[in-house]
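Printed here is structure.cif (mmCIF, C-alpha atoms and all ligand atoms):
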data_final
loop_
_atom_site.label_atom_id
_atom_site.label_comp_id
_atom_site.auth_asym_id
_atom_site.auth_seq_id
_atom_site.Cartn_x
_atom_site.Cartn_y
_atom_site.Cartn_z
CA MET A 8 63.06 72.68 81.34
CA THR A 9 61.32 71.03 84.23
CA LYS A 10 58.75 68.47 83.24
CA LYS A 11 55.29 67.89 84.66
CA GLY A 12 56.07 64.42 85.94
CA ARG A 13 56.76 60.93 84.72
CA VAL A 14 54.91 59.01 82.05
CA PHE A 15 55.14 55.25 81.76
CA SER A 16 53.65 53.06 79.11
CA GLY A 17 54.27 49.62 77.73
CA ALA A 18 53.36 47.54 74.74
CA ARG A 19 53.77 43.88 74.00
CA PRO A 20 56.40 43.15 71.35
CA THR A 21 54.20 42.60 68.32
CA GLY A 22 56.79 43.34 65.66
CA ARG A 23 56.17 45.86 62.93
CA GLN A 24 53.58 48.36 64.05
CA HIS A 25 50.38 49.26 62.23
CA LEU A 26 48.12 52.27 61.93
CA GLY A 27 46.14 51.22 65.00
CA ASN A 28 49.31 51.12 67.11
CA TYR A 29 50.35 54.46 65.69
CA LEU A 30 47.10 56.31 66.37
CA GLY A 31 46.35 54.51 69.60
CA ALA A 32 49.77 54.68 71.20
CA ILE A 33 52.93 55.72 69.37
CA ARG A 34 51.71 59.15 68.29
CA ASN A 35 50.83 59.96 71.89
CA TYR A 36 54.11 58.57 73.21
CA VAL A 37 55.94 60.97 70.91
CA ALA A 38 53.81 63.99 71.85
CA LEU A 39 54.12 63.42 75.59
CA GLN A 40 57.89 63.74 75.45
CA ALA A 41 57.61 67.53 75.34
CA ASP A 42 55.95 67.77 78.74
CA TYR A 43 56.92 64.63 80.66
CA ASP A 44 59.87 62.45 81.50
CA CYS A 45 58.83 59.41 79.54
CA VAL A 46 59.61 55.76 80.07
CA TYR A 47 58.52 53.42 77.28
CA CYS A 48 58.77 49.71 77.77
CA VAL A 49 58.61 46.66 75.53
CA VAL A 50 56.73 44.32 77.86
CA ASP A 51 58.16 40.97 76.82
CA LEU A 52 57.26 39.29 80.13
CA HIS A 53 53.63 40.23 79.63
CA ALA A 54 53.83 38.72 76.17
CA LEU A 55 54.90 35.39 77.68
CA THR A 56 51.50 35.02 79.38
CA THR A 57 49.82 34.12 76.11
CA MET A 58 52.68 33.04 73.89
CA GLU A 59 53.00 29.47 72.71
CA THR A 60 56.47 29.98 71.29
CA THR A 61 59.18 32.60 71.79
CA ARG A 62 60.67 32.05 68.35
CA ASP A 63 59.84 35.54 67.12
CA LEU A 64 60.18 37.36 70.43
CA LYS A 65 63.57 38.92 69.81
CA ASN A 66 62.82 39.99 66.28
CA ASN A 67 59.42 41.38 67.26
CA THR A 68 61.08 43.40 70.00
CA TYR A 69 63.61 44.78 67.55
CA GLU A 70 61.04 45.67 64.90
CA MET A 71 58.76 47.40 67.37
CA ALA A 72 61.60 49.42 68.90
CA LEU A 73 62.73 50.39 65.42
CA ASP A 74 59.25 51.70 64.60
CA TRP A 75 59.10 53.61 67.88
CA LEU A 76 62.38 55.38 67.21
CA ALA A 77 61.53 56.05 63.57
CA ALA A 78 58.23 57.60 64.66
CA GLY A 79 60.05 60.07 66.87
CA ILE A 80 60.54 58.56 70.29
CA ASP A 81 63.81 60.17 71.20
CA PRO A 82 66.16 57.98 73.24
CA GLN A 83 68.08 61.04 74.44
CA GLU A 84 64.92 62.49 75.84
CA SER A 85 63.07 59.35 76.94
CA ILE A 86 63.92 55.94 78.31
CA VAL A 87 63.16 53.06 75.95
CA PHE A 88 63.83 49.59 77.31
CA ILE A 89 62.85 45.92 77.49
CA GLN A 90 60.86 44.94 80.57
CA SER A 91 62.76 41.72 81.33
CA GLN A 92 66.10 43.54 81.38
CA VAL A 93 65.28 45.32 84.62
CA ARG A 94 65.14 42.44 87.11
CA GLN A 95 63.54 44.48 89.91
CA ILE A 96 60.21 44.02 88.13
CA ASN A 97 60.13 40.41 89.27
CA GLU A 98 60.60 41.37 92.89
CA LEU A 99 57.88 44.02 92.91
CA PHE A 100 55.55 41.63 91.09
CA LEU A 101 56.02 39.10 93.87
CA ILE A 102 55.50 41.64 96.63
CA PHE A 103 52.38 42.97 94.86
CA SER A 104 51.01 39.46 94.57
CA MET A 105 50.64 39.48 98.37
CA VAL A 106 48.19 42.38 98.17
CA SER A 107 46.34 41.04 95.13
CA PRO A 108 42.92 39.50 95.83
CA LEU A 109 42.50 36.53 93.49
CA GLY A 110 38.75 37.09 93.12
CA LYS A 111 39.29 40.60 91.87
CA LEU A 112 41.79 39.39 89.29
CA THR A 113 39.56 36.64 87.95
CA ASP A 114 36.63 39.10 87.77
CA LEU A 115 38.42 41.47 85.42
CA PRO A 116 36.84 41.63 81.94
CA THR A 117 40.29 41.45 80.36
CA PHE A 118 41.01 38.16 82.16
CA LYS A 119 37.65 36.66 81.23
CA GLU A 120 38.27 37.55 77.60
CA LYS A 121 41.67 35.81 77.62
CA VAL A 122 40.14 32.71 79.17
CA ARG A 123 37.48 32.69 76.48
CA GLN A 124 40.16 32.95 73.79
CA ALA A 125 42.43 30.22 75.19
CA PRO A 126 40.70 28.10 77.83
CA HIS A 127 43.52 25.53 77.68
CA ASN A 128 46.18 28.06 78.74
CA VAL A 129 44.94 29.70 81.92
CA ASN A 130 48.19 29.94 83.85
CA LEU A 131 49.14 31.80 87.01
CA GLY A 132 51.00 34.39 84.96
CA LEU A 133 47.84 35.18 83.04
CA VAL A 134 45.86 35.73 86.23
CA GLY A 135 48.71 37.90 87.44
CA TYR A 136 48.92 39.97 84.26
CA PRO A 137 47.44 43.09 85.91
CA VAL A 138 49.70 42.60 88.93
CA LEU A 139 52.73 42.68 86.65
CA MET A 140 51.36 45.77 84.96
CA ALA A 141 50.81 47.45 88.32
CA ALA A 142 54.40 46.60 89.19
CA ASP A 143 55.60 48.18 85.92
CA ILE A 144 53.85 51.40 86.65
CA ALA A 145 54.68 51.57 90.35
CA LEU A 146 58.34 50.61 89.91
CA TYR A 147 58.89 53.79 87.92
CA LYS A 148 56.53 55.87 90.09
CA ALA A 149 54.62 57.00 87.02
CA ASP A 150 52.27 59.92 87.41
CA LEU A 151 50.51 59.32 84.14
CA VAL A 152 49.88 56.28 81.96
CA PRO A 153 48.75 56.78 78.36
CA VAL A 154 46.72 53.76 77.23
CA GLY A 155 43.70 52.76 75.19
CA ILE A 156 40.33 52.56 76.87
CA ASP A 157 40.54 48.74 76.97
CA GLN A 158 43.27 49.10 79.59
CA ALA A 159 41.13 51.17 81.98
CA PRO A 160 40.42 48.22 84.31
CA HIS A 161 44.17 47.58 84.58
CA ILE A 162 44.93 51.15 85.50
CA GLU A 163 42.17 51.09 88.10
CA TYR A 164 43.63 47.84 89.39
CA THR A 165 47.06 49.50 89.59
CA ARG A 166 45.66 52.36 91.62
CA GLU A 167 44.00 49.93 94.03
CA THR A 168 47.21 47.92 94.36
CA VAL A 169 49.25 51.00 95.14
CA ARG A 170 46.68 52.04 97.76
CA SER A 171 46.62 48.54 99.30
CA PHE A 172 50.39 48.43 99.44
CA ASN A 173 50.76 51.88 100.96
CA TYR A 174 47.99 51.12 103.46
CA ARG A 175 49.24 47.70 104.52
CA TYR A 176 52.79 48.91 105.07
CA SER A 177 51.80 52.34 106.41
CA THR A 178 53.84 54.14 103.83
CA ASN A 179 53.45 56.52 100.92
CA VAL A 180 56.44 55.46 98.83
CA LEU A 181 54.35 54.31 95.89
CA VAL A 182 52.49 56.69 93.59
CA GLU A 183 48.90 56.29 92.39
CA PRO A 184 49.03 56.91 88.65
CA GLY A 185 46.58 58.85 86.54
CA MET A 186 45.33 57.54 83.23
CA LYS A 187 45.40 59.35 79.92
CA VAL A 188 42.99 57.76 77.49
CA THR A 189 44.20 58.18 73.95
CA GLU A 190 42.06 60.35 71.73
CA ILE A 191 41.31 57.72 69.12
CA PRO A 192 40.68 54.72 71.33
CA LYS A 193 39.54 52.37 68.60
CA VAL A 194 40.90 52.11 65.08
CA LEU A 195 39.03 49.64 62.91
CA GLY A 196 40.79 47.35 60.50
CA THR A 197 40.49 47.19 56.73
CA ASP A 198 37.35 45.07 57.24
CA GLY A 199 35.66 48.10 58.78
CA GLN A 200 34.26 45.78 61.46
CA GLN A 201 36.84 44.79 64.02
CA LYS A 202 39.62 46.61 65.82
CA MET A 203 42.76 46.78 63.69
CA SER A 204 45.08 43.98 64.67
CA LYS A 205 47.87 41.94 63.23
CA SER A 206 46.29 38.65 64.29
CA LEU A 207 43.11 39.46 62.36
CA ASN A 208 45.22 40.45 59.36
CA ASN A 209 43.12 43.58 58.85
CA HIS A 210 46.00 45.94 59.53
CA ILE A 211 47.95 48.57 57.62
CA GLU A 212 51.62 48.26 58.51
CA LEU A 213 53.50 51.55 58.85
CA ALA A 214 56.64 50.21 57.22
CA LEU A 215 54.95 49.24 53.95
CA THR A 216 56.03 51.09 50.81
CA ALA A 217 53.72 53.72 49.36
CA GLU A 218 52.63 51.26 46.64
CA GLU A 219 51.93 48.48 49.12
CA THR A 220 49.96 50.89 51.27
CA GLN A 221 47.81 51.95 48.36
CA LYS A 222 47.09 48.30 47.56
CA VAL A 223 45.93 47.55 51.11
CA VAL A 224 43.89 50.75 51.30
CA MET A 225 42.04 49.76 48.12
CA THR A 226 40.83 46.60 49.88
CA MET A 227 39.24 48.59 52.71
CA VAL A 228 35.55 48.02 53.34
CA THR A 229 33.47 51.19 53.06
CA ASP A 230 29.78 51.87 53.71
CA PRO A 231 28.28 48.38 53.12
CA GLN A 232 24.96 49.92 51.99
CA ARG A 233 26.67 51.63 49.09
CA ALA A 234 26.68 48.84 46.52
CA ARG A 235 26.99 50.89 43.31
CA ARG A 236 29.00 53.95 42.42
CA THR A 237 25.75 55.83 41.81
CA ASP A 238 24.34 55.04 45.27
CA PRO A 239 24.69 57.83 47.81
CA GLY A 240 26.99 56.82 50.69
CA ASN A 241 27.00 57.43 54.41
CA PRO A 242 30.38 58.64 55.69
CA ASP A 243 29.21 58.26 59.28
CA VAL A 244 29.47 54.48 59.01
CA CYS A 245 32.58 54.42 56.80
CA ASN A 246 35.95 53.54 58.28
CA VAL A 247 37.81 55.19 55.41
CA PHE A 248 36.04 58.43 56.21
CA SER A 249 36.96 58.25 59.88
CA LEU A 250 40.61 57.87 58.85
CA HIS A 251 40.30 60.75 56.40
CA LYS A 252 39.44 62.84 59.44
CA VAL A 253 42.88 61.98 60.83
CA PHE A 254 45.06 62.23 57.74
CA SER A 255 43.31 64.61 55.33
CA SER A 256 42.86 68.37 55.43
CA PRO A 257 39.62 69.82 56.87
CA GLU A 258 38.69 71.03 53.38
CA GLU A 259 39.14 67.56 51.91
CA VAL A 260 37.13 66.03 54.73
CA ASP A 261 34.31 68.52 54.09
CA THR A 262 34.30 67.79 50.38
CA ILE A 263 34.29 64.02 50.86
CA ASN A 264 31.54 64.30 53.44
CA THR A 265 29.31 66.15 50.96
CA GLU A 266 30.31 64.35 47.79
CA CYS A 267 29.95 60.87 49.29
CA ARG A 268 26.42 61.64 50.40
CA ASN A 269 25.37 62.79 46.92
CA ALA A 270 27.37 60.15 45.06
CA GLY A 271 29.67 62.80 43.65
CA ILE A 272 32.76 60.84 44.65
CA GLY A 273 33.08 57.05 44.50
CA CYS A 274 34.78 54.81 47.06
CA VAL A 275 37.69 54.11 44.72
CA ASP A 276 38.64 57.77 44.37
CA CYS A 277 37.99 58.38 48.03
CA LYS A 278 40.40 55.58 48.95
CA LYS A 279 43.02 56.75 46.47
CA LEU A 280 42.95 60.15 48.10
CA PHE A 281 43.25 58.59 51.52
CA ALA A 282 46.22 56.45 50.44
CA ARG A 283 47.95 59.52 49.04
CA ASN A 284 47.49 61.53 52.22
CA LEU A 285 48.50 58.63 54.43
CA ASN A 286 51.64 58.07 52.38
CA ALA A 287 52.53 61.75 52.58
CA HIS A 288 52.10 61.65 56.34
CA LEU A 289 54.26 58.55 56.73
CA ALA A 290 57.04 59.59 54.34
CA PRO A 291 59.37 61.05 57.01
CA PHE A 292 58.77 57.99 59.21
CA ARG A 293 59.71 55.63 56.39
CA GLU A 294 62.84 57.57 55.56
CA LYS A 295 64.02 57.48 59.15
CA ARG A 296 63.11 53.83 59.47
CA SER A 297 65.25 52.83 56.50
CA ALA A 298 68.17 54.81 57.87
CA LEU A 299 67.85 53.19 61.32
CA ALA A 300 67.41 49.72 59.87
CA GLU A 301 70.90 49.97 58.45
CA LYS A 302 72.38 49.92 61.96
CA PRO A 303 70.61 47.26 64.02
CA ASP A 304 73.33 47.47 66.69
CA TYR A 305 72.23 51.01 67.40
CA ILE A 306 68.69 49.83 68.26
CA TRP A 307 70.06 47.25 70.72
CA ASP A 308 72.41 49.87 72.21
CA VAL A 309 69.46 52.18 72.80
CA LEU A 310 67.55 49.37 74.53
CA HIS A 311 70.51 48.40 76.72
CA ASP A 312 71.20 51.98 77.68
CA GLY A 313 67.49 52.38 78.45
CA ALA A 314 67.56 49.32 80.71
CA GLN A 315 70.45 50.83 82.66
CA ARG A 316 68.70 54.12 83.18
CA ALA A 317 65.42 52.40 84.04
CA GLY A 318 67.31 50.09 86.38
CA THR A 319 68.61 53.00 88.41
CA ILE A 320 65.08 54.28 89.02
CA ALA A 321 63.82 50.76 89.72
CA GLU A 322 66.49 50.00 92.29
CA GLN A 323 65.81 53.27 94.09
CA THR A 324 62.11 52.41 94.31
CA MET A 325 62.84 48.87 95.46
CA GLN A 326 65.06 50.07 98.29
CA GLU A 327 62.14 52.14 99.53
CA VAL A 328 59.73 49.24 99.01
CA ARG A 329 61.93 46.72 100.86
CA ALA A 330 62.32 49.15 103.75
CA ALA A 331 58.55 49.78 103.87
CA VAL A 332 57.78 46.05 103.86
CA GLY A 333 60.43 45.42 106.51
CA LEU A 334 62.68 43.16 104.48
CA PRO A 335 66.35 43.16 105.50
CA GLU A 336 68.66 45.47 103.61
N1 LIG A 401 48.62 45.66 79.18
C1 LIG A 401 49.09 46.61 78.21
C2 LIG A 401 48.47 46.26 76.87
O1 LIG A 401 48.19 45.14 76.58
C3 LIG A 401 50.60 46.62 78.09
C4 LIG A 401 51.27 47.08 79.34
C5 LIG A 401 52.01 46.35 80.19
C6 LIG A 401 51.25 48.40 79.87
N2 LIG A 401 52.50 47.10 81.21
C7 LIG A 401 52.03 48.35 81.05
C8 LIG A 401 50.64 49.59 79.48
C9 LIG A 401 52.20 49.50 81.83
C10 LIG A 401 50.82 50.72 80.26
C11 LIG A 401 51.60 50.67 81.43
O2 LIG A 401 48.30 47.15 76.07
#
Here is a file; write its structure as structure tokens.
Amino acid sequence: MTKKGRVFSGARPTGRQHLGNYLGAIRNYVALQADYDCVYCVVDLHALTTMETTRDLKNNTYEMALDWLAAGIDPQESIVFIQSQVRQINELFLIFSMVSPLGKLTDLPTFKEKVRQAPHNVNLGLVGYPVLMAADIALYKADLVPVGIDQAPHIEYTRETVRSFNYRYSTNVLVEPGMKVTEIPKVLGTDGQQKMSKSLNNHIELALTAEETQKVVMTMVTDPQRARRTDPGNPDVCNVFSLHKVFSSPEEVDTINTECRNAGIGCVDCKKLFARNLNAHLAPFREKRSALAEKPDYIWDVLHDGAQRAGTIAEQTMQEVRAAVGLPE
């Protein structure tokens, strides 16, 4: 079957994935395979921009790739690889840096946020983060990039970079990508306040056992106004309810919506039901994950094979890029 075009997306190697990663990225990666030629990349070079130590890098790469495959990213169908293993990325990054206005890079909200978080570690690589991302996307001539809404400025930056490159070198070899914003752009953590993230330790890891999952779910913060079981609750401000909408049946969601508002159901029972439905949803994932975890060599083979296939595309693009720039063959 002919596909609609090429999808590219990347994620920093953060190790075992959580519900936020699943709803915000992985689930969409899996679904897009039906209609697109997909290239999914573990962006380890991007991770270096903020990392103090690389001690866990390899293991985090492995664990994330394992979760991706267990969730249904099919290495026969799609390319899964590690960014640093396709060396052409470094070359395109350098060439892109010549069409990258510094002021624009330092104005990006994502850059300002990183500076705020770590003012002592503002390195050239960090400023160039969006340039490297533009190089990722352009190297594989992606038509579509599925990302969370927080990445919108980077996609816009990529489009501008591609235009600048094509304009400066009077060419059309590089492709301006479209952006596909994921449906659930923001998944809150167990605190019900902040975006789910490993560093905030408010996450629900996919690879937990059913019992462990239930335990974490029971710690989730619900409607803060509902202090007592007999108080009526407001599902509209409850993070557990918003996740019910994803993992529970429409009938269950309806019932909870009504019964929470009239104090017919308490938060404990509501969370137990959520844990049960979440566990049912993740059961096939967990089974596949355990099976895959028994053959770690297979995961590395998939990643190496992916790097080879990605490398072929990358070298083709770079030959066109070098010719457009006027670099010797
Ligand atoms: N910047 C992205 C993030 O933090 C990761 C990323 C790197 C990416 N290169 C990419 C995403 C290319 C999409 C396409 O989430």
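Neighbouring residues of ligand LIG 401 (chain A) at a cut-off of 6 Å, counting all atoms listed in the file, are Phe15, Ser16, Gly17, Ala18, Arg19, Val50, Met140, Asp143, Ile144, Val152 and Val154 of chain A.
Omitting Ile156 (chain A) and its sequence neighbours fewer than 5 positions away, and counting only C-alpha atoms, the residues within 10 Å are A:Gly31, A:His161, A:Ile162, A:Met186, A:Lys187, A:Val188, A:Thr189, A:Glu190, A:Ile191, A:Pro192, A:Lys193.
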Give me a file of those residues, with C-alpha atoms, as a PDB file, in the coordinates of the input.
ATOM      1  CA  GLY A  31      46.350  54.510  69.600  1.00  0.00           C
ATOM      2  CA  HIS A 161      44.170  47.580  84.580  1.00  0.00           C
ATOM      3  CA  ILE A 162      44.930  51.150  85.500  1.00  0.00           C
ATOM      4  CA  MET A 186      45.330  57.540  83.230  1.00  0.00           C
ATOM      5  CA  LYS A 187      45.400  59.350  79.920  1.00  0.00           C
ATOM      6  CA  VAL A 188      42.990  57.760  77.490  1.00  0.00           C
ATOM      7  CA  THR A 189      44.200  58.180  73.950  1.00  0.00           C
ATOM      8  CA  GLU A 190      42.060  60.350  71.730  1.00  0.00           C
ATOM      9  CA  ILE A 191      41.310  57.720  69.120  1.00  0.00           C
ATOM     10  CA  PRO A 192      40.680  54.720  71.330  1.00  0.00           C
ATOM     11  CA  LYS A 193      39.540  52.370  68.600  1.00  0.00           C
TER      12      LYS A 193
END
Closest of A:Thr168, A:Thr57, A:Ser107, A:Ser91 to Glu183 (chain A) - atom-to-atom distances counting all atoms listed in the file:
A:Thr168
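Residue neighbourhood of region 77-83 of chain A, excluding near-sequence residues (fewer than 2 positions): A:Val37, A:Leu73, A:Asp74, A:Trp75, A:Ser85, A:Ile86, A:Val87, A:Phe292, A:Lys295, A:Arg296, A:Val309, at 7 Å, using all atoms listed in the file.
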Go ahead and write the residues just picked, C-alpha atoms, as a PDB file, keeping the file's coordinate frame.
ATOM      1  CA  VAL A  37      55.940  60.970  70.910  1.00  0.00           C
ATOM      2  CA  LEU A  73      62.730  50.390  65.420  1.00  0.00           C
ATOM      3  CA  ASP A  74      59.250  51.700  64.600  1.00  0.00           C
ATOM      4  CA  TRP A  75      59.100  53.610  67.880  1.00  0.00           C
ATOM      5  CA  SER A  85      63.070  59.350  76.940  1.00  0.00           C
ATOM      6  CA  ILE A  86      63.920  55.940  78.310  1.00  0.00           C
ATOM      7  CA  VAL A  87      63.160  53.060  75.950  1.00  0.00           C
ATOM      8  CA  PHE A 292      58.770  57.990  59.210  1.00  0.00           C
ATOM      9  CA  LYS A 295      64.020  57.480  59.150  1.00  0.00           C
ATOM     10  CA  ARG A 296      63.110  53.830  59.470  1.00  0.00           C
ATOM     11  CA  VAL A 309      69.460  52.180  72.800  1.00  0.00           C
TER      12      VAL A 309
END
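You can rank A:Gly135, A:Leu151, A:Pro126, A:Asp312 by their closest distance to Asp42 (chain A) using all atoms listed in the file, and at the top of that list sits A:Leu151.
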Sphere at (63.0, 50.2, 98.4), radius 12 Å, counting only C-alpha atoms: residues as a ChimeraX atom specification:
/A:95,98-99,102,145-148,178-181,319-336
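Counting only C-alpha atoms, the residue from A:Gln24, A:Gln90, A:Thr220, A:Gln40 that sits nearest to Leu55 (chain A) is A:Gln90.
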In Å, how far is it from CA of Ser249 (chain A) to CA of Val275 (chain A)?
15.7 Å
Give me the residues near Thr68 (chain A) as an MDAnalysis selection string, where near means some atom within 10 Å (using only C-alpha atoms) and where sequence neighbours in that chain fewer than 5 positions away do not count.
chainID A and resid 18:23 49:51 63 73 88:89 307 310
Do a neighbour search on Asp44 (chain A) at 10 Å with all atoms listed in the file, toss out local chain neighbours closer than 2 positions, and write the hits as number ranges by chain.
A: 9-15, 39-42, 46, 84-86, 149-150
Next, the residues of the selection above should be written as a PDB file, in the coordinates of the input with C-alpha atoms.
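The resulting file, out-v8.pdb, is reproduced below:
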ATOM      1  CA  THR A   9      61.320  71.030  84.230  1.00  0.00           C
ATOM      2  CA  LYS A  10      58.750  68.470  83.240  1.00  0.00           C
ATOM      3  CA  LYS A  11      55.290  67.890  84.660  1.00  0.00           C
ATOM      4  CA  GLY A  12      56.070  64.420  85.940  1.00  0.00           C
ATOM      5  CA  ARG A  13      56.760  60.930  84.720  1.00  0.00           C
ATOM      6  CA  VAL A  14      54.910  59.010  82.050  1.00  0.00           C
ATOM      7  CA  PHE A  15      55.140  55.250  81.760  1.00  0.00           C
ATOM      8  CA  LEU A  39      54.120  63.420  75.590  1.00  0.00           C
ATOM      9  CA  GLN A  40      57.890  63.740  75.450  1.00  0.00           C
ATOM     10  CA  ALA A  41      57.610  67.530  75.340  1.00  0.00           C
ATOM     11  CA  ASP A  42      55.950  67.770  78.740  1.00  0.00           C
ATOM     12  CA  VAL A  46      59.610  55.760  80.070  1.00  0.00           C
ATOM     13  CA  GLU A  84      64.920  62.490  75.840  1.00  0.00           C
ATOM     14  CA  SER A  85      63.070  59.350  76.940  1.00  0.00           C
ATOM     15  CA  ILE A  86      63.920  55.940  78.310  1.00  0.00           C
ATOM     16  CA  ALA A 149      54.620  57.000  87.020  1.00  0.00           C
ATOM     17  CA  ASP A 150      52.270  59.920  87.410  1.00  0.00           C
TER      18      ASP A 150
END
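Ranking A:Ile263, A:Ala141, A:Ala234, A:Leu133 by their shortest atom-to-atom distance to Thr56 (chain A), with all atoms listed in the file included, puts A:Leu133 first.
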Hey, which of A:Gly132, A:Pro242, A:Pro184, A:Gly27 ends up closest to Gly273 (chain A)? Count only C-alpha atoms.
A:Pro242
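When CA of Tyr174 (chain A) is paired with CA of Cys48 (chain A), their separation reads 27.9 Å.
The set of protein, DNA and RNA residues with any counted atom at most 7 Å from (43.0, 56.4, 61.1) (only C-alpha atoms) reads Leu26, Leu30, Val194, Ser249, Leu250, His251 and Val253 of chain A.
Between CA of Pro160 (chain A) and CA of Tyr176 (chain A) the interatomic distance comes to 24.2 Å.
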